[in-house]
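Following: one structure in structure tokens, then a few remarks.
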Amino acid sequence: MTELEQLFAKYRRLVVFDTETTGLNPKNDQIIEFAAAVLEQQDHTVHCTREYDVLVQLPQGRTIPPKIVELTGITDQALQETGIARETLCRDLEEILGGPDTLLVAYNAHFDLCFLFYALSKYGNAHILRGKDKLDLLTVYRDRRPYPHRLASAISAYGLEGQVQNSHRAIDDVLATVQVMLAMGKERADLERYINLFGYNAKYGLEGKPISSVTYRPQGYRPAGPIYELL
């Protein structure tokens, strides 16, 4: 049984997701783009059954910092012309992330989940995140390769250049994360052991509020053995 077959033996859907935000603080900064790919297994083959990518309007009077515009290419005009309301995003999230047999997957999942939690707490129903298992591929990558540990680093390490791109746009990063996950599964069959187990930079500590359903362990700049062996 392959690594993904093991995951689909436990979960009906894998939702790979990413956010673009106005900054790094989920309490004060805002999501400006959200994207997700829903993966399901049909006839022993994994299919992407849904792609979702939206820009999200900012609260009245808020604008995108110039550094974020430069990084993402997302502008205030784009949000005004094509962005959806935050309440609409949260309603969509309930559908996309819903179901008890859904595994949530991201690269640097703690960051994105914190932003989702604060958005849903204010404009939707944060309870939809409860009871959902979570897989952080950044944690996996730190256990397998030395620093740097950016998504672009993983794309290069697995020879995915030309197939995907780390553009700092949510949908591109989601599709890249899917391919990184597939490559990780072929490399070593232990992704299931990282579910609800997140690493953090030992030098700087955990940033943001911990997620109650997740176990956290420090990781260094070089692999020091799988962190699940420390449990």
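Residue numbering restarts at 1 for every chain of the structure tokens, chains are lettered A, B, ... in their displayed order, and ligands are numbered from 1 as they appear.
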> Using the chain letters and numbers from this document, which residues of range 108-221 of chain A does DSSP assign to alpha helix (DSSP H), as an MDAnalysis selection string?
Replying inline: chainID A and resid 109:123 137:144 151:157 170:187
> In range 81-143 of chain A, what's strand (DSSP E or B) per DSSP? Answer as a list in words?
Replying inline: Ile84, Thr102, Leu103, Leu104, Val105, Ala106, Asp133, Lys134, Leu135 and Asp136 of chain A
Write out as a tab-separated table a residue-level contact list of range 77-190 of chain A versus range 210-227 of chain A with cut-off 7 Å: for each qualifying residue the closest pair of atoms and the distance in Å to one decimal, counting only C-alpha atoms, rows sorted by chain and residue number upward.
```
residue	atom	partner	partner_atom	distance
A:Arg142	CA	A:Pro223	CA	6.2
A:Asp143	CA	A:Pro223	CA	4.7
A:Arg144	CA	A:Pro223	CA	5.9
A:Arg145	CA	A:Pro223	CA	6.1
A:Pro146	CA	A:Arg222	CA	4.2
A:Tyr147	CA	A:Tyr221	CA	5.1
```
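From CA of Ile171 in chain A back to CA of Gln77 in chain A, the distance works out to 19.4 Å.
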> Can you list, as a list in words, every protein, DNA or RNA residue that comes within 9 Å of Val38 in chain A when you count only C-alpha atoms, leaving out same-chain residues fewer than 3 positions away?
Replying inline: Arg13, Leu14, Val15, Val16, Phe17, His47, Cys48, Thr49, Arg50, Glu51, Tyr52 and Ile96 of chain A
>> Excluding Leu58 in chain A and its own-chain neighbours fewer than 4 positions away, which residues fall within 12 Å of it when counting only C-alpha atoms? Please give them as a PyMOL selection string.
In response: chain A and resi 21-22+28-33+62-65+75-87+89+119
>> Calculated over only C-alpha atoms, which of the candidates A:Leu93, A:Ile74, A:Ala106, A:Leu116 has the smallest distance to Pro26 in chain A?
In response: A:Leu116
>> Taking 4 positions as the minimum chain separation for residues in the same chain, which residues sit within 7 Å of Tyr11 in chain A when counting only C-alpha atoms? Answer as a PyMOL selection string.
In response: chain A and resi 7+101-103
Mind dumping the selected residues with C-alpha atoms as a JSON list (two decimals), in the first residue's frame?
```json
[["chain", "number", "residue", "atom", "x", "y", "z"],
["A", 7, "LEU", "CA", -3.96, 8.22, 4.05],
["A", 101, "ASP", "CA", -13.15, 12.41, 7.43],
["A", 102, "THR", "CA", -11.16, 15.32, 5.97],
["A", 103, "LEU", "CA", -7.42, 15.76, 6.44]]
```
>> If I take CA of Gly185 in chain A and CA of Gly159 in chain A, how far is one from the other in Å, to one decimal?
In response: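 Separation between CA of Gly185 in chain A and CA of Gly159 in chain A: 14.4 Å.
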>> For Leu175 in chain A, find every residue with an atom within 12 Å (counting only C-alpha atoms), except residues of its own chain fewer than 5 positions away, and show them as a ChimeraX atom specification.
In response: /A:15-18,35-39,48,50-53,105-107,151,155,160,163-170,180-182
>> I'd like to know which of A:Leu230, A:Val56, A:Leu4, A:Val46 is closest to Glu20 in chain A, using only C-alpha atoms.
In response: A:Val56
> Using only C-alpha atoms, which residue out of A:Leu24, A:Ala152, A:Leu120, A:Ala202 lies closest to Ala176 in chain A?
Replying inline: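 Checking each of A:Leu24, A:Ala152, A:Leu120, A:Ala202 against Ala176 in chain A, counting only C-alpha atoms, the winner is A:Ala152.
Considering the residues A:Ala183, A:Leu113, A:Ala9, A:Ala126 and counting only C-alpha atoms, Lys209 in chain A has its shortest atom-to-atom contact with A:Leu113.
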> Nearest to Thr19 in chain A: which of A:Ser121, A:Gln60, A:Asn108, A:Thr139 is it, counting only C-alpha atoms?
Replying inline: A:Asn108
